[in-house]
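A.B. asks: Data file final_18.cif (mmCIF, C-alpha atoms) is appended below.
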data_query
#
loop_
_atom_site.group_PDB
_atom_site.id
_atom_site.type_symbol
_atom_site.label_atom_id
_atom_site.label_comp_id
_atom_site.auth_asym_id
_atom_site.auth_seq_id
_atom_site.Cartn_x
_atom_site.Cartn_y
_atom_site.Cartn_z
ATOM 1 C CA MET A 1 5.422 -7.897 -12.770
ATOM 2 C CA PHE A 2 7.578 -9.910 -10.405
ATOM 3 C CA GLY A 3 6.789 -7.714 -7.438
ATOM 4 C CA ILE A 4 3.058 -8.008 -7.799
ATOM 5 C CA MET A 5 3.160 -11.729 -8.513
ATOM 6 C CA ALA A 6 5.366 -12.491 -5.543
ATOM 7 C CA ARG A 7 3.152 -10.464 -3.261
ATOM 8 C CA ALA A 8 -0.022 -12.010 -4.623
ATOM 9 C CA ALA A 9 1.324 -15.465 -3.869
ATOM 10 C CA THR A 10 2.002 -14.606 -0.254
ATOM 11 C CA THR A 11 -1.123 -12.619 0.501
ATOM 12 C CA SER A 12 -3.801 -14.578 -1.334
ATOM 13 C CA ASP A 13 -4.166 -16.904 1.618
ATOM 14 C CA VAL A 14 -5.051 -14.044 3.924
ATOM 15 C CA PHE A 15 -7.627 -12.753 1.463
ATOM 16 C CA ASN A 16 -9.061 -16.218 0.979
ATOM 17 C CA ALA A 17 -9.318 -16.584 4.727
ATOM 18 C CA ILE A 18 -11.363 -13.414 5.186
ATOM 19 C CA ALA A 19 -13.589 -14.162 2.186
ATOM 20 C CA GLU A 20 -15.466 -16.615 4.422
ATOM 21 C CA PRO A 21 -18.185 -14.750 6.429
ATOM 22 C CA ARG A 22 -17.844 -16.968 9.512
ATOM 23 C CA ARG A 23 -14.152 -16.179 9.739
ATOM 24 C CA ARG A 24 -14.873 -12.479 9.549
ATOM 25 C CA GLU A 25 -17.347 -12.927 12.399
ATOM 26 C CA ILE A 26 -14.636 -14.648 14.420
ATOM 27 C CA LEU A 27 -12.186 -11.802 13.689
ATOM 28 C CA ALA A 28 -14.796 -9.219 14.674
ATOM 29 C CA LEU A 29 -15.453 -11.074 17.936
ATOM 30 C CA LEU A 30 -11.745 -11.257 18.732
ATOM 31 C CA ARG A 31 -11.450 -7.472 18.389
ATOM 32 C CA THR A 32 -12.788 -7.253 21.920
ATOM 33 C CA GLY A 33 -10.077 -9.523 23.287
ATOM 34 C CA GLU A 34 -8.806 -13.086 23.391
ATOM 35 C CA ARG A 35 -11.296 -15.890 23.870
ATOM 36 C CA PRO A 36 -11.365 -19.668 24.231
ATOM 37 C CA VAL A 37 -12.928 -21.706 21.435
ATOM 38 C CA THR A 38 -15.933 -22.599 23.614
ATOM 39 C CA GLU A 39 -16.878 -18.941 23.899
ATOM 40 C CA ILE A 40 -16.478 -18.384 20.163
ATOM 41 C CA THR A 41 -18.713 -21.394 19.588
ATOM 42 C CA GLU A 42 -21.397 -20.065 21.948
ATOM 43 C CA LYS A 43 -21.386 -16.443 20.785
ATOM 44 C CA LEU A 44 -21.488 -17.260 17.089
ATOM 45 C CA GLY A 45 -23.681 -20.337 17.295
ATOM 46 C CA ILE A 46 -21.360 -22.628 15.398
ATOM 47 C CA SER A 47 -20.166 -26.137 16.161
ATOM 48 C CA GLN A 48 -16.879 -26.630 17.945
ATOM 49 C CA PRO A 49 -15.295 -28.594 15.060
ATOM 50 C CA GLY A 50 -16.435 -25.816 12.699
ATOM 51 C CA ALA A 51 -14.971 -23.087 14.878
ATOM 52 C CA SER A 52 -11.729 -25.028 15.325
ATOM 53 C CA LYS A 53 -11.379 -25.444 11.580
ATOM 54 C CA HIS A 54 -11.902 -21.725 10.933
ATOM 55 C CA LEU A 55 -9.476 -20.823 13.714
ATOM 56 C CA ARG A 56 -6.857 -23.130 12.246
ATOM 57 C CA VAL A 57 -7.166 -21.428 8.840
ATOM 58 C CA LEU A 58 -6.986 -17.979 10.443
ATOM 59 C CA ARG A 59 -3.944 -19.003 12.444
ATOM 60 C CA GLU A 60 -2.162 -20.477 9.424
ATOM 61 C CA VAL A 61 -2.427 -17.218 7.466
ATOM 62 C CA GLY A 62 -1.315 -15.140 10.462
ATOM 63 C CA LEU A 63 -4.621 -13.450 11.276
ATOM 64 C CA VAL A 64 -5.078 -15.150 14.619
ATOM 65 C CA ARG A 65 -2.659 -16.469 17.203
ATOM 66 C CA ASP A 66 -3.263 -18.739 20.149
ATOM 67 C CA ARG A 67 -1.726 -19.491 23.517
ATOM 68 C CA LYS A 68 -2.276 -22.085 26.176
ATOM 69 C CA ALA A 69 -3.741 -20.887 29.456
ATOM 70 C CA GLY A 70 -4.110 -23.752 31.862
ATOM 71 C CA ARG A 71 -6.408 -26.326 30.292
ATOM 72 C CA GLN A 72 -7.746 -24.072 27.600
ATOM 73 C CA ARG A 73 -6.382 -22.464 24.488
ATOM 74 C CA LEU A 74 -7.055 -18.750 23.975
ATOM 75 C CA TYR A 75 -7.364 -17.168 20.544
ATOM 76 C CA ASP A 76 -6.472 -13.561 19.744
ATOM 77 C CA LEU A 77 -6.037 -11.270 16.734
ATOM 78 C CA ASP A 78 -2.606 -11.263 15.131
ATOM 79 C CA ALA A 79 -1.778 -7.804 13.772
ATOM 80 C CA GLY A 80 0.792 -9.233 11.338
ATOM 81 C CA GLY A 81 -1.678 -10.734 8.892
ATOM 82 C CA LEU A 82 -4.138 -7.890 9.211
ATOM 83 C CA GLN A 83 -1.474 -5.405 8.221
ATOM 84 C CA LEU A 84 -1.363 -6.913 4.712
ATOM 85 C CA VAL A 85 -5.102 -6.517 4.267
ATOM 86 C CA HIS A 86 -4.999 -3.042 5.715
ATOM 87 C CA GLU A 87 -2.301 -1.925 3.292
ATOM 88 C CA TRP A 88 -4.146 -3.365 0.358
ATOM 89 C CA THR A 89 -7.458 -1.724 1.153
ATOM 90 C CA GLY A 90 -6.432 1.697 2.212
ATOM 91 C CA GLY A 91 -3.142 3.202 2.024
ATOM 92 C CA PHE A 92 -0.127 3.970 0.090
ATOM 93 C CA GLU A 93 -0.370 1.097 -2.377
ATOM 94 C CA GLN A 94 -3.833 2.032 -3.520
ATOM 95 C CA PHE A 95 -2.776 5.645 -3.881
ATOM 96 C CA TRP A 96 0.072 4.628 -6.141
ATOM 97 C CA ASN A 97 -1.776 1.936 -8.017
ATOM 98 C CA GLU A 98 -4.397 4.491 -8.984
ATOM 99 C CA SER A 99 -1.743 7.047 -9.890
ATOM 100 C CA PHE A 100 -0.054 4.440 -12.077
ATOM 101 C CA ASP A 101 -3.411 3.681 -13.738
ATOM 102 C CA ARG A 102 -3.655 7.338 -14.666
ATOM 103 C CA LEU A 103 0.011 7.474 -15.706
ATOM 104 C CA ASP A 104 -0.598 4.491 -17.992
ATOM 105 C CA ALA A 105 -3.584 6.180 -19.666
ATOM 106 C CA TYR A 106 -1.671 9.436 -19.999
ATOM 107 C CA VAL A 107 1.408 7.772 -21.518
ATOM 108 C CA GLN A 108 -0.806 5.956 -24.041
ATOM 109 C CA ASP A 109 -2.191 9.335 -25.152
ATOM 110 C CA LEU A 110 1.317 10.748 -25.310
ATOM 111 C CA LYS A 111 2.446 7.791 -27.417
ATOM 112 C CA LYS A 112 -0.404 8.288 -29.879
ATOM 113 C CA GLU A 113 0.344 12.003 -30.106
ATOM 114 C CA ARG A 114 4.019 11.358 -30.873
ATOM 115 C CA GLN A 115 3.189 8.764 -33.514
ATOM 116 C CA GLU A 116 0.911 11.219 -35.287
ATOM 117 C CA GLU A 117 3.561 13.925 -35.393
ATOM 118 C CA MET B 1 13.603 -6.490 -1.177
ATOM 119 C CA SER B 2 10.284 -6.919 0.457
ATOM 120 C CA THR B 3 8.875 -8.730 -2.546
ATOM 121 C CA THR B 4 10.981 -11.737 -1.748
ATOM 122 C CA GLY B 5 11.330 -11.040 1.962
ATOM 123 C CA ARG B 6 7.599 -11.329 2.473
ATOM 124 C CA GLU B 7 7.628 -14.870 1.166
ATOM 125 C CA SER B 8 9.780 -16.111 3.975
ATOM 126 C CA GLN B 9 9.474 -15.604 7.693
ATOM 127 C CA ALA B 10 12.966 -14.151 7.920
ATOM 128 C CA GLN B 11 12.539 -10.617 6.637
ATOM 129 C CA PRO B 12 15.450 -8.457 5.568
ATOM 130 C CA ALA B 13 16.404 -5.581 7.840
ATOM 131 C CA THR B 14 14.262 -3.056 5.966
ATOM 132 C CA GLY B 15 11.384 -5.458 5.251
ATOM 133 C CA ASP B 16 8.948 -3.982 7.718
ATOM 134 C CA ARG B 17 9.547 -0.399 6.692
ATOM 135 C CA GLU B 18 9.526 -0.570 2.915
ATOM 136 C CA ILE B 19 6.873 -0.834 0.242
ATOM 137 C CA VAL B 20 7.422 -1.960 -3.344
ATOM 138 C CA ILE B 21 4.893 -1.162 -6.044
ATOM 139 C CA SER B 22 5.436 -2.104 -9.676
ATOM 140 C CA ARG B 23 3.618 -1.672 -12.940
ATOM 141 C CA VAL B 24 4.201 -2.527 -16.591
ATOM 142 C CA ILE B 25 3.259 0.209 -19.040
ATOM 143 C CA ASP B 26 3.010 -0.458 -22.738
ATOM 144 C CA ALA B 27 5.309 2.318 -23.941
ATOM 145 C CA PRO B 28 9.061 2.872 -24.414
ATOM 146 C CA ARG B 29 10.806 3.827 -21.214
ATOM 147 C CA GLU B 30 11.990 7.192 -22.545
ATOM 148 C CA LEU B 31 8.340 8.159 -22.843
ATOM 149 C CA VAL B 32 7.330 6.769 -19.442
ATOM 150 C CA PHE B 33 10.277 8.559 -17.878
ATOM 151 C CA GLU B 34 9.334 11.785 -19.632
ATOM 152 C CA ALA B 35 5.934 11.732 -17.924
ATOM 153 C CA PHE B 36 7.788 12.282 -14.619
ATOM 154 C CA THR B 37 10.015 15.112 -15.772
ATOM 155 C CA ASP B 38 7.644 17.992 -16.418
ATOM 156 C CA VAL B 39 4.823 19.394 -14.331
ATOM 157 C CA ARG B 40 2.782 19.703 -17.531
ATOM 158 C CA HIS B 41 2.793 15.877 -17.581
ATOM 159 C CA LEU B 42 2.717 15.220 -13.834
ATOM 160 C CA SER B 43 -0.361 17.357 -13.318
ATOM 161 C CA GLN B 44 -2.227 15.122 -15.761
ATOM 162 C CA TRP B 45 -1.811 11.915 -13.793
ATOM 163 C CA TRP B 46 -0.438 12.441 -10.274
ATOM 164 C CA GLY B 47 -2.710 11.135 -7.522
ATOM 165 C CA PRO B 48 -5.689 8.809 -7.448
ATOM 166 C CA GLU B 49 -8.726 9.092 -9.703
ATOM 167 C CA GLY B 50 -10.507 12.415 -9.269
ATOM 168 C CA PHE B 51 -7.537 14.275 -7.749
ATOM 169 C CA THR B 52 -6.009 17.431 -9.218
ATOM 170 C CA THR B 53 -2.884 19.387 -8.344
ATOM 171 C CA THR B 54 -1.908 23.038 -8.163
ATOM 172 C CA THR B 55 1.830 23.632 -8.456
ATOM 173 C CA ARG B 56 3.534 26.377 -6.465
ATOM 174 C CA SER B 57 6.973 25.703 -7.909
ATOM 175 C CA PHE B 58 8.609 22.991 -9.975
ATOM 176 C CA GLU B 59 12.059 22.237 -11.262
ATOM 177 C CA PHE B 60 13.256 18.805 -12.346
ATOM 178 C CA ARG B 61 16.879 18.845 -11.247
ATOM 179 C CA VAL B 62 18.766 17.097 -8.432
ATOM 180 C CA GLY B 63 18.344 19.211 -5.285
ATOM 181 C CA SER B 64 15.357 21.065 -6.734
ATOM 182 C CA GLU B 65 11.778 20.566 -5.718
ATOM 183 C CA TRP B 66 8.159 20.261 -6.644
ATOM 184 C CA ASP B 67 6.001 22.213 -4.232
ATOM 185 C CA PHE B 68 2.303 21.642 -4.800
ATOM 186 C CA VAL B 69 -1.175 21.176 -3.386
ATOM 187 C CA MET B 70 -3.227 18.100 -4.104
ATOM 188 C CA HIS B 71 -7.001 18.602 -4.235
ATOM 189 C CA GLY B 72 -9.241 15.686 -3.361
ATOM 190 C CA PRO B 73 -12.601 15.140 -5.063
ATOM 191 C CA ASP B 74 -14.318 16.067 -1.775
ATOM 192 C CA GLY B 75 -12.579 19.474 -1.751
ATOM 193 C CA THR B 76 -9.896 18.622 0.808
ATOM 194 C CA ASP B 77 -6.444 20.059 0.072
ATOM 195 C CA TYR B 78 -3.196 18.268 0.880
ATOM 196 C CA SER B 79 0.127 20.046 0.927
ATOM 197 C CA GLU B 80 2.829 18.062 -0.861
ATOM 198 C CA TRP B 81 6.544 18.545 -1.285
ATOM 199 C CA ILE B 82 8.971 16.510 -3.346
ATOM 200 C CA SER B 83 12.713 16.964 -3.778
ATOM 201 C CA TRP B 84 14.679 15.035 -6.393
ATOM 202 C CA THR B 85 17.737 13.337 -4.918
ATOM 203 C CA GLU B 86 18.903 11.413 -7.983
ATOM 204 C CA ILE B 87 18.029 11.583 -11.668
ATOM 205 C CA VAL B 88 19.408 9.142 -14.246
ATOM 206 C CA PRO B 89 17.563 9.901 -17.506
ATOM 207 C CA SER B 90 15.218 7.091 -18.588
ATOM 208 C CA GLU B 91 16.549 4.814 -15.829
ATOM 209 C CA ARG B 92 16.046 6.054 -12.311
ATOM 210 C CA ILE B 93 14.551 8.816 -10.197
ATOM 211 C CA ALA B 94 15.039 9.065 -6.453
ATOM 212 C CA MET B 95 12.900 11.518 -4.551
ATOM 213 C CA LEU B 96 12.270 12.692 -1.036
ATOM 214 C CA HIS B 97 8.566 12.988 -0.361
ATOM 215 C CA GLY B 98 7.049 15.036 2.451
ATOM 216 C CA GLU B 99 4.269 17.459 3.217
ATOM 217 C CA TYR B 100 6.507 20.542 3.223
ATOM 218 C CA ARG B 101 10.190 21.514 2.878
ATOM 219 C CA GLY B 102 12.168 20.145 5.800
ATOM 220 C CA ASP B 103 9.384 17.753 6.847
ATOM 221 C CA PRO B 104 11.113 15.464 9.390
ATOM 222 C CA ASN B 105 8.797 12.634 8.335
ATOM 223 C CA ALA B 106 9.772 12.843 4.665
ATOM 224 C CA PHE B 107 10.615 9.486 3.123
ATOM 225 C CA GLU B 108 12.571 8.433 0.060
ATOM 226 C CA SER B 109 11.239 6.588 -2.968
ATOM 227 C CA VAL B 110 13.345 5.215 -5.803
ATOM 228 C CA LEU B 111 11.659 4.731 -9.147
ATOM 229 C CA THR B 112 13.376 2.467 -11.648
ATOM 230 C CA PHE B 113 12.394 2.140 -15.293
ATOM 231 C CA GLU B 114 13.323 -1.175 -16.929
ATOM 232 C CA PRO B 115 12.627 -2.188 -20.535
ATOM 233 C CA ASP B 116 10.272 -5.175 -20.667
ATOM 234 C CA GLY B 117 10.108 -6.108 -24.348
ATOM 235 C CA GLU B 118 8.357 -3.187 -26.017
ATOM 236 C CA ALA B 119 6.977 -2.099 -22.674
ATOM 237 C CA THR B 120 8.461 -0.559 -19.522
ATOM 238 C CA ARG B 121 8.383 -1.914 -16.016
ATOM 239 C CA ILE B 122 8.297 0.765 -13.327
ATOM 240 C CA GLU B 123 9.203 -0.216 -9.823
ATOM 241 C CA MET B 124 8.824 2.147 -6.922
ATOM 242 C CA LEU B 125 10.708 1.202 -3.794
ATOM 243 C CA THR B 126 9.927 3.312 -0.748
ATOM 244 C CA VAL B 127 11.981 2.859 2.381
ATOM 245 C CA PHE B 128 10.695 4.622 5.481
ATOM 246 C CA PRO B 129 13.102 5.707 8.239
ATOM 247 C CA THR B 130 11.108 3.660 10.765
ATOM 248 C CA LYS B 131 8.245 1.185 10.744
ATOM 249 C CA GLU B 132 6.134 3.799 12.569
ATOM 250 C CA LEU B 133 6.635 6.323 9.766
ATOM 251 C CA ARG B 134 5.734 3.683 7.221
ATOM 252 C CA ASP B 135 2.507 2.924 9.081
ATOM 253 C CA GLU B 136 1.813 6.646 9.355
ATOM 254 C CA ALA B 137 2.248 7.137 5.610
ATOM 255 C CA ILE B 138 -0.132 4.256 5.014
ATOM 256 C CA GLU B 139 -2.619 5.890 7.376
ATOM 257 C CA ARG B 140 -2.246 9.287 5.750
ATOM 258 C CA HIS B 141 -2.633 7.965 2.226
ATOM 259 C CA GLY B 142 -5.441 5.789 3.482
ATOM 260 C CA ALA B 143 -7.116 8.880 4.882
ATOM 261 C CA ILE B 144 -6.610 10.748 1.602
ATOM 262 C CA GLU B 145 -8.246 7.877 -0.230
ATOM 263 C CA GLY B 146 -10.825 7.259 2.449
ATOM 264 C CA GLY B 147 -13.025 10.218 1.613
ATOM 265 C CA GLN B 148 -13.995 8.927 -1.771
ATOM 266 C CA GLN B 149 -13.262 5.240 -1.871
ATOM 267 C CA THR B 150 -15.850 2.588 -1.212
ATOM 268 C CA LEU B 151 -13.117 0.644 0.487
ATOM 269 C CA GLY B 152 -12.551 3.538 2.859
ATOM 270 C CA ASN B 153 -14.763 2.175 5.592
ATOM 271 C CA LEU B 154 -13.194 -1.229 5.391
ATOM 272 C CA ALA B 155 -9.781 0.406 5.559
ATOM 273 C CA ALA B 156 -10.736 2.334 8.687
ATOM 274 C CA TYR B 157 -12.132 -0.811 10.233
ATOM 275 C CA LEU B 158 -8.969 -2.737 9.468
ATOM 276 C CA ALA B 159 -6.815 0.097 10.788
ATOM 277 C CA GLU B 160 -8.640 -0.217 14.074
ATOM 278 C CA MET B 161 -8.224 -3.984 14.081
ATOM 279 C CA VAL B 162 -4.512 -3.661 13.369
ATOM 280 C CA ARG B 163 -4.179 -1.157 16.187
ATOM 281 C CA LYS B 164 -6.078 -3.370 18.604
ATOM 282 C CA GLY B 165 -4.055 -6.357 17.539
ATOM 283 C CA ALA B 166 -0.794 -4.491 18.049
ATOM 284 C CA GLU B 167 -1.808 -3.341 21.524
ATOM 285 C CA SER B 168 -2.503 -6.805 22.846
#
For the file at hand, write its structure as structure tokens.
C.D. replies:
Amino acid sequence: MFGIMARAATTSDVFNAIAEPRRREILALLRTGERPVTEITEKLGISQPGASKHLRVLREVGLVRDRKAGRQRLYDLDAGGLQLVHEWTGGFEQFWNESFDRLDAYVQDLKKERQEE
Amino acid sequence: MSTTGRESQAQPATGDREIVISRVIDAPRELVFEAFTDVRHLSQWWGPEGFTTTTRSFEFRVGSEWDFVMHGPDGTDYSEWISWTEIVPSERIAMLHGEYRGDPNAFESVLTFEPDGEATRIEMLTVFPTKELRDEAIERHGAIEGGQQTLGNLAAYLAEMVRKGAES
């Protein structure tokens, strides 16, 4: 189980981060391009300290990155963190996890069959 | 290995183009291995829930292949082709996986079977030739799943976000 455990430890933060609805709203807003915190605050109707806190969490797990532009700081999506979520929800891993579920059930039947022989 | 590489910022050379999936199955490894060796077995479990396969040809021998069609629950067919590149009975199977013979985008997976007490731990390590091919395989398998999975929409949404994020 080492593989799964090690991965769970590194990805759980990303999943925790997107479990919060406000943070998902921020991510959805940033899909259209980078924005300063003031704009995020206005568009989503949240306080600046609240927005800053969410942005910090999103940045720490690699979902959002920021850069300084003059006097303001601009926030943008970071594809790195999203990739983990994307893989988990859709692709290859799910295909194989489901195949292995079926393999497990099949092997249990096979085991029973052999024991009865 | 990506399992450890992902924990640190410094990834190994293949870190961004490999995927490791593991599973513990409560059965002796000879039996788990056997489930991979015969199409009679493979056709009973290969693919996600609701999928079936029709085999065109099958031979479990190094250099031989499994040529088959995978049928999705929504009626979509997917051409599949697998060639065995290494077989060590009860221990290891390496295979080249593509959509047809000679597929330039085929990728290699190595399955290892390790005893874990009375159970068996399977690990499947897939290394893609490039990060792009890895992403493509994720997309393709995501698309295969997408038709019937409730997570399909979320996956499509995230795919778009990843793409947008990568462009900027």
A.B. asks: For each of A:Thr38, A:Thr32, A:Asn16, A:Ser52, take the minimum atom-to-atom distance to chain B, counting all atoms listed in the file, then give the residue where this is smallest.
C.D. replies: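 Nearest to chain B: A:Thr32.
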A.B. asks: State, in Å with one decimal place, the distance from CA of Ser83 (chain B) to CA of Phe36 (chain B).
C.D. replies: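 Between CA of Ser83 (chain B) and CA of Phe36 (chain B) the gap works out to 12.8 Å.
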A.B. asks: Evaluate the PyMOL selection byres ((chain A and resi 39) around 12) and record the selected residues as a VMD selection string, following the chain and residue labels used in the document.
C.D. replies: chain A and resid 26 29 to 30 33 to 38 40 to 48 51 to 52 72 to 75
A.B. asks: Record the distance separating CA of Leu125 (chain B) and CA of Val110 (chain B), expressed in Å with one decimal.
C.D. replies: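 One can read the CA of Leu125 (chain B) to CA of Val110 (chain B) distance as 5.2 Å.
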A.B. asks: Excluding Thr37 (chain B) and its own-chain neighbours fewer than 4 positions away, which residues fall within 10 Å of it when counting all atoms listed in the file? Please give them as a ChimeraX atom specification.
C.D. replies: /B:32-33,41-42,58-61,87,89-90,93
A.B. asks: Pick from B:Trp66, B:Ala119, B:Gly15, B:Gln44: nearest to chain A, with only C-alpha atoms counted?
C.D. replies: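 Checking each candidate against chain A, we get B:Gln44 as the closest.
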A.B. asks: How far is it from CA of Glu93 (chain A) to CA of Arg140 (chain B), in Å with one decimal?
C.D. replies: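 Interatomic distance here is 11.7 Å.
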